[in-house]
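To start, the structure under review is shown below, and the notes come after it.
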Amino acid sequence: MLTILFDGIAYGLLLFILAVGLSITLGLMNFINLAHGAFAMAGGYITVIMVHRFGISFFWSLPAAFIITAVLGAFLERTLYVHLYDKSHLDQVLFSLGLIFMSVAAVDYFMGANQQIVNLPPSLDGRLHFFGASIGYYRLFVIILCSLLTIGLQLVLTKTRFGSRLRASVDDQRVARGLGIDVSRIFALTFAMGSGLAGLGGALGAPFFNIDPTFPLKFMIYFLIVIAVGGTTTITGPFFSALLLGVADVAGKYYVPAIGGFIIYTIMVAVLIFRPQGLFGRVTGR
Amino acid sequence: MTSLAAGARVATADPGAHLVAKARWRWPEFLLWLFAIALIWLAPSRYLLFNEIAILALLALSIDLVLGFSGIVTLGQGAFYGLGAYTAGLMAKHGIGTFPWSDPLLGLLGAGLVAGFVGFLSSFLVLRGSDLTRLMVTLGVALIVQELGNKLDWITGGADGLQGVMPAPLLGLFDFDIFGRTAYLYSLSVLFVLFLLARALVNSPSGLSLRAIKGNVIRARAIGIPVERRLVVIYTIGAAYAGIAGALLAQTTQFVSLDVLSFEKSADALLIVVFGGVGTLYGALVGSIAFKAMYDVLASATPEYWSFWLGLALVLLVLFARGGIIGLLTALRDRLDRARSARA
Amino acid sequence: MLLRRQFLGVCAGVALSFGLSGLALAEDTVKIGLILPMTGPSASTGREIEAAIKLYMQQNGDKVAGKKIEVITRDDTGQADITKRLAQELVVNEKVAVIAGFGLTPLALAAGPIATQAKVPAVIMAAGTSMIVEQSPFFLRTSFTLPQNTTPMAEWAAKNGIKKVVTLVSDYGPGIDAEKAFKEKFTADGGQVLDSLRAPLRNPEFAPFLQKAKDLKPDALFLFVPSGQGASLMKQVAERQFKEAGIQVIGTGDVLDDEQLNAMGDVVLGMITSMDYSAAHDSPENKKYVAEFEKANPGMRPNFMSVGGYDGIALIYKALEKTGGDTTGTKLIEAMKGMAWTSPRGPISIDPDTRDIVQNVYIRKAEKVNGQIYNVEFATVPNVKDPLHGKK
């Protein structure tokens with residue numbers, strides 16, 4: 001069913017944009033940042049505020065969500081996260097859990113606990129019909145935008161100097177530093193970019209999922225699945241794993257609804273048993 | 001300064017004696033257990049709350065065994081807790097009046113065996129991969145078990161919960177009363193016994209080898225410790241403990257709902273261990289008392305925003321007070337010791 | 001030595017003061033233990049009920065039959081073991097005469113044994129599974145049951161030209177109950193259920209289920225999800241263009257929760273649902289209720305949960321008046337049985353045989369009224385009893 005395929009691709013790509021920042025952070029800084037979902041939530045709320053309270057067009061809220069969350073991410077990285085790079089993974093998990101709790105409660109306080117509803121911009125409302133299948137305009141928009149972003153990311157990684165420095169730092173931090181690469185600056189920029197992308201993902205997802213304060217906790221599991229399956233050494237890994245999971249989840253629920261809910265968990269556990277570094281990851285020197 | 005150096009010299013001189021000394025019972029431990037028993041007379045109207053704390057402490061203890069002594073980061077202990085709860089609940093429900101099925105102690109045994117068995121099977125999953133992998137696998141297994149609990153509602157009662165859980169009177173004598181007295185004494189005794197076992201275990205040679213594994217796996221393997229075997233054993237024991245905690249819950253509240261399988265329960269228990277102090281066993285006990293007390297105070301004031309304070313406490317803990325409550329107390333005692341020996 | 005004496009003295013003093021205070025208060029105050037989920041996923045239920053009860057006490061004062069009414073509210077965070085403990089503590093320590101609330105079915109079930117053992121009436125103000133009231137002779141309900149609300153929908157659909165339906169519900173107890181209740185009545189009335197789809201409870205993506213439903217080309221799509229998910233479900237329904245394909249969207253009122261209805265936007269317009277309460281119900285009692293509720297709680301519209309609380313406390317007040325202030329559990333139950341009055345939702349009564357609520361169920365359509373979205377009632381099914389009681 002072509003329609004279901006497109007639905008799955010849109011869902012998968014959205015998951016990818018949401019999770020890619022976490023994947024790079026994890027691969028680069030070896031930091032388990034569970035609070036990544038909070039940045040996505042921030043992006044969603046920024047969209048809500050801009051569209052509902054100020055009446056600004058949805059399209060402007062997308063770059064705004066990206067920029068604001070990127071700045072927020074850079075700020076937090078320099079002030080809080082930098083102290084935790086040397087601590088154990090457990091500490092990082094606990095720290096980021098603490099951050100999630102705080103952000104969830106803070107958002108609940110300021111914005112209320114109800115779901116915030118963002119309606120589709122009228123220009124994207126509607127469906128496109130072709131070859132007996134159909135796809136919503138908004139999903140098509142999501143697919144196009146996310147694909148462009150992915151291509152852009154891949155180009156940055158492979159064709160720019162920043163990208164090669166980033167890849168070097170991911171592979172071996174000490175050697176990269178030895179070559180004169182300013183690893184801390186790369187950390188800060190990458191973290192900011194990753195958070196920005198999460199914010200953008202949150203903004204894009206808002207019309208689908210509706211934003212409420214429990215968003216980071218609800219979606220944390222999905223991001224983590226994408227990364228666990230995709231590995232953290234490339235961005236093509238999470239890209240394909242997000243697509244795989246998006247399509248498998250949607251197709252599973254369509255064709256075998258009785259076990260639909262189990263599918264993504266089972267895939268994840270199976271992959272991790274047989275290939276702990278993810279389907280597409282390389283075993284790095286760590 | 002001097003006592004620290006002296007302590008270090010003693011340690012290297014005779015590690016055996018040093019470890020034996022560490023394993024001896026100290027007066028604060030006696031005090032804690034006496035206090036727990038004294039609560040029966042001190043605050044008779046709050047048995048149910050104390051029962052909850054005791055059960056939570058046992059769950060936290062199971063996590064400390066796995067995390068604190070072997071370094072396995074797990075978010076999935078709730079699955080074993082839930083399995084134990086449903087096992088004991090089902091045994092009590094379907095064995096009404098027929099000895100031995102509804103006997104509470106046998107229920108504990110059954111729960112421990114079932115949870116331990118599943119723990120054993122899944123222990124092979126946590127042997128491989130990095131910390132993140134293990135986190136994800138334990139979380140994934142827990143989510144699958146939770147979905148199963150929901151789906152198999154003809155066994156578990158589904159979202160409505162398992163009702164009609166009627167455990168037989170404890171030892172044939174003590175009925176589970178509405179005040180919760182039997183419940184508290186029962187849970188406290190079980191906690192005490194299992195605690196003694198855990199304490200003996202971690203101070204035994206195998207238990208000490210776990211600490212070596214936690215410190216550095218490669219080195220531990222190099223000196224001949226069978227790493228995989230030890231990890232499987234401790235993970236299985238941890239799962240059994242969690243299962244028994246779940247069984248206690250089912251028997252003392254006479255009800256089991258799907259919440260017992262939730263990831264939130266595992267996360268709460270993990271936080272308790274961290275707050276109390278990881279790898280100290282007592283951290284689990286002290287942590288659960290502190291956690292429930294904090295909750296009671298903060299939640300009645302601002303119920304919606306209790307998680308904010310929890311998050312803040314967690315962040316501060318990680319940054320400044322990594323050893324938890326026990327860590328702070330130990331640091332305090334060390335400082336007092338130092339002051340005393342400086343004067344001497 | 002000295003310390004021990006002082007210590008024992010303190011203990012004795014504390015015990016004595018508890019005892020004395022218990023005695024003193026029992027004469028003049030009637031305590032009601034209200035156990036609600038004030039935090040967690042069902043928090044809006046707790047909020048609405050608490051607000052409604054506060055409103056009732058504000059309107060009717062806090063004295064009945066010469067006794068002062070004191071409501072003690074406790075948050076069970078939606079976890080059944082906590083509900084059970086709170087119920088026990090309220091009964092044993094606070095000596096409440098009535099326990100009430102219970103936001104979800106497992107929470108009510110957990111408190112059942114307490115009510116029975118302590119002989120304390122338990123008023124269910126939210127939970128909607130039929131069998132709850134059968135678990136204890138001390139249970140009464142002022143909310144609704146899912147079959148009670150669903151069966152009229154099936155009946156209406158069968159009578160109004162809808163022959164083929166696909167049902168889509170959330171995969172958990174209440175969802176499956178709704179699916180069964182609808183299927184049973186609809187097929188009994190000559191309709192055909194093409195497929196019964198179940199979406200996992202934890203589910204952000206309804207697309208595959210909706211697409212499957214659409215592909216089966218039914219006359220109508222029957223929906224049930226817990227009220228928190230209504231918004232995203234309706235959005236994805238609109239995205240799939242069911243209206244344009246000529247498929248009527250029907251369901252129970254849980255999907256179009258009054259509290260969120262406005263925010264959900266135009267995507268809900270045209271959906272037909274059945275429920276025991278709509279904020280747009282046209283009666284003088286309701287107009288007063290809605291106006292005063294919105295005044296006391298700015299930005300909050302009363303929903304079906306709130307009337308469960310409002311009528312629950314009304315039931316307790318009326319029963320106390322009837323017993324002349326006597327708080328003996330069995331006497332209160334007898335007084336409550338058969339009680340009938342007009343609630344903001346319409347006429348209601350407590351069935352003396354089942355202790356469950358008997359009420360009108362309304363068929364309504366989501367429409368825009370004065371720029372706001374309401375569930376506008378256009379058909380009434382009077383005095384609906386829960387269809388499952390007595391059947392086994």
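Residues in the structure tokens are numbered from 1 in each chain, the chains being A, B, ... in the order shown, and ligands are numbered from 1 in the order shown.
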
Counting only C-alpha atoms, which residues of chain A fall within 8 Å of chain B, and what is the closest atom pair for each with its distance in Å at one decimal, ordered by chain and rising number, as a tab-separated table?
```
residue	atom	partner	partner_atom	distance
A:Ile32	CA	B:Leu132	CA	7.4
A:His83	CA	B:Leu319	CA	7.9
A:Leu84	CA	B:Leu319	CA	7.9
A:His89	CA	B:Asp131	CA	6.9
A:Leu90	CA	B:Val73	CA	6.7
A:Asp91	CA	B:Val318	CA	6.1
A:Leu94	CA	B:Leu314	CA	6.8
A:Phe95	CA	B:Val315	CA	5.1
A:Ser96	CA	B:Val315	CA	7.9
A:Leu97	CA	B:Gly311	CA	7.1
A:Gly98	CA	B:Gly311	CA	3.7
A:Leu99	CA	B:Gly311	CA	6.0
A:Ile100	CA	B:Gly311	CA	7.2
A:Phe101	CA	B:Gly311	CA	4.8
A:Met102	CA	B:Phe308	CA	4.3
A:Ser103	CA	B:Phe308	CA	7.5
A:Val104	CA	B:Phe308	CA	7.5
A:Ala105	CA	B:Phe308	CA	5.1
A:Ala106	CA	B:Phe308	CA	7.0
A:Tyr109	CA	B:Tyr305	CA	7.6
A:Leu224	CA	B:Met136	CA	7.1
A:Ile225	CA	B:Met136	CA	7.4
A:Ala228	CA	B:Thr133	CA	6.6
A:Gly261	CA	B:Glu147	CA	7.8
A:Phe262	CA	B:Ile144	CA	6.5
A:Tyr265	CA	B:Gly140	CA	5.6
A:Thr266	CA	B:Gly140	CA	7.6
A:Met268	CA	B:Gly140	CA	7.3
A:Val269	CA	B:Val137	CA	5.7
A:Leu272	CA	B:Thr133	CA	6.7
A:Ile273	CA	B:Leu125	CA	6.2
A:Pro276	CA	B:Gly129	CA	5.1
A:Gln277	CA	B:Gly129	CA	7.1
```

Using N, CA and C atoms, can you export the residues from the last selection as a tab-separated table (two decimals), in the first residue's frame?
```
chain	number	residue	atom	x	y	z
A	32	ILE	N	25.32	10.41	27.31
A	32	ILE	CA	23.93	9.97	27.17
A	32	ILE	C	23.03	11.11	27.64
A	83	HIS	N	30.42	20.12	32.66
A	83	HIS	CA	30.96	19.56	33.90
A	83	HIS	C	30.83	18.06	33.96
A	84	LEU	N	30.03	17.51	33.06
A	84	LEU	CA	29.72	16.09	33.20
A	84	LEU	C	30.40	15.20	32.20
A	89	HIS	N	28.54	7.08	32.84
A	89	HIS	CA	27.30	7.10	32.08
A	89	HIS	C	26.09	7.16	32.99
A	90	LEU	N	26.18	6.47	34.12
A	90	LEU	CA	25.05	6.51	35.05
A	90	LEU	C	24.79	7.94	35.50
A	91	ASP	N	25.88	8.64	35.82
A	91	ASP	CA	25.72	10.03	36.25
A	91	ASP	C	25.06	10.86	35.16
A	94	LEU	N	21.38	10.07	35.04
A	94	LEU	CA	20.66	10.68	36.15
A	94	LEU	C	20.54	12.19	35.97
A	95	PHE	N	21.65	12.80	35.53
A	95	PHE	CA	21.63	14.24	35.34
A	95	PHE	C	20.59	14.63	34.31
A	96	SER	N	20.59	13.93	33.17
A	96	SER	CA	19.65	14.32	32.13
A	96	SER	C	18.21	13.98	32.55
A	97	LEU	N	18.02	12.90	33.32
A	97	LEU	CA	16.68	12.62	33.85
A	97	LEU	C	16.22	13.78	34.73
A	98	GLY	N	17.13	14.25	35.59
A	98	GLY	CA	16.80	15.38	36.45
A	98	GLY	C	16.39	16.58	35.63
A	99	LEU	N	17.12	16.82	34.53
A	99	LEU	CA	16.77	17.95	33.68
A	99	LEU	C	15.40	17.78	33.06
A	100	ILE	N	15.10	16.56	32.65
A	100	ILE	CA	13.77	16.33	32.06
A	100	ILE	C	12.69	16.65	33.08
A	101	PHE	N	12.85	16.11	34.32
A	101	PHE	CA	11.83	16.38	35.34
A	101	PHE	C	11.64	17.87	35.53
A	102	MET	N	12.77	18.58	35.61
A	102	MET	CA	12.65	20.02	35.84
A	102	MET	C	11.96	20.72	34.68
A	103	SER	N	12.33	20.35	33.47
A	103	SER	CA	11.73	21.05	32.33
A	103	SER	C	10.26	20.70	32.19
A	104	VAL	N	9.92	19.44	32.44
A	104	VAL	CA	8.51	19.05	32.36
A	104	VAL	C	7.69	19.83	33.37
A	105	ALA	N	8.18	19.90	34.60
A	105	ALA	CA	7.42	20.62	35.63
A	105	ALA	C	7.36	22.10	35.31
A	106	ALA	N	8.47	22.66	34.82
A	106	ALA	CA	8.48	24.09	34.51
A	106	ALA	C	7.47	24.41	33.41
A	109	TYR	N	4.03	24.32	34.66
A	109	TYR	CA	3.72	25.50	35.44
A	109	TYR	C	3.38	26.69	34.54
A	224	LEU	N	15.57	6.78	21.41
A	224	LEU	CA	16.59	5.84	21.84
A	224	LEU	C	16.58	4.60	20.97
A	225	ILE	N	15.40	4.17	20.57
A	225	ILE	CA	15.33	3.00	19.69
A	225	ILE	C	16.01	3.30	18.37
A	228	ALA	N	19.74	3.31	19.03
A	228	ALA	CA	20.29	2.00	19.38
A	228	ALA	C	20.40	1.13	18.15
A	261	GLY	N	1.98	-3.13	18.14
A	261	GLY	CA	2.67	-2.34	19.15
A	261	GLY	C	4.00	-2.93	19.57
A	262	PHE	N	4.15	-4.24	19.40
A	262	PHE	CA	5.37	-4.89	19.86
A	262	PHE	C	6.53	-4.73	18.90
A	265	TYR	N	9.73	-2.54	19.54
A	265	TYR	CA	10.52	-2.97	20.68
A	265	TYR	C	11.29	-4.24	20.35
A	266	THR	N	10.60	-5.16	19.68
A	266	THR	CA	11.22	-6.44	19.37
A	266	THR	C	12.40	-6.26	18.42
A	268	MET	N	14.25	-3.68	18.14
A	268	MET	CA	15.35	-3.09	18.87
A	268	MET	C	16.09	-4.14	19.69
A	269	VAL	N	15.34	-4.92	20.46
A	269	VAL	CA	16.01	-5.91	21.31
A	269	VAL	C	16.77	-6.90	20.45
A	272	LEU	N	19.95	-5.35	19.09
A	272	LEU	CA	20.97	-5.13	20.10
A	272	LEU	C	21.59	-6.42	20.59
A	273	ILE	N	20.85	-7.51	20.49
A	273	ILE	CA	21.43	-8.78	20.91
A	273	ILE	C	22.49	-9.21	19.91
A	276	PRO	N	25.38	-5.30	18.90
A	276	PRO	CA	25.22	-4.26	19.92
A	276	PRO	C	25.60	-2.87	19.45
A	277	GLN	N	26.39	-2.78	18.37
A	277	GLN	CA	26.75	-1.43	17.97
A	277	GLN	C	25.75	-0.86	16.99
```

Extract the full set of helix (DSSP H, G or I) residues from range 1-88 of chain A according to DSSP on the backbone, and format it as a ChimeraX atom specification. /A:2-29,36-53,58-79,81-84

Tell me, which residues of range 77-247 of chain A carry DSSP strand (DSSP E), written as an MDAnalysis selection string? chainID A and resid 127:130 133:136

Write the selection just made, keeping C-alpha atoms, as a PDB file, in the first residue's frame?
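Result saved to selection-v7.pdb:
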```pdb
ATOM      1  CA  ARG A 127      -4.500  15.308   0.375  1.00  0.00           C
ATOM      2  CA  LEU A 128      -2.804  14.538  -2.869  1.00  0.00           C
ATOM      3  CA  HIS A 129      -4.230  11.611  -4.786  1.00  0.00           C
ATOM      4  CA  PHE A 130      -2.319   9.608  -7.339  1.00  0.00           C
ATOM      5  CA  ALA A 133      -2.756   6.096  -3.178  1.00  0.00           C
ATOM      6  CA  SER A 134      -2.910   9.366  -1.344  1.00  0.00           C
ATOM      7  CA  ILE A 135      -0.759  11.416   0.936  1.00  0.00           C
ATOM      8  CA  GLY A 136      -1.522  14.399   3.066  1.00  0.00           C
TER       9      GLY A 136
END
```

With only C-alpha atoms as the counted atoms, please give the residues lying no more than 12 Å from Leu201 in chain B, apart from itself and same-chain residues fewer than 4 positions off, as number ranges by chain. B: 23, 65, 69, 194-197, 205-211, 230, 233-234, 237-238, 281

Measuring atom to atom with only C-alpha atoms, identify which of B:Leu105, B:Ile155, B:Val278, B:Ala43 is nearest to chain C.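 The closest residue to chain C is B:Ala43.
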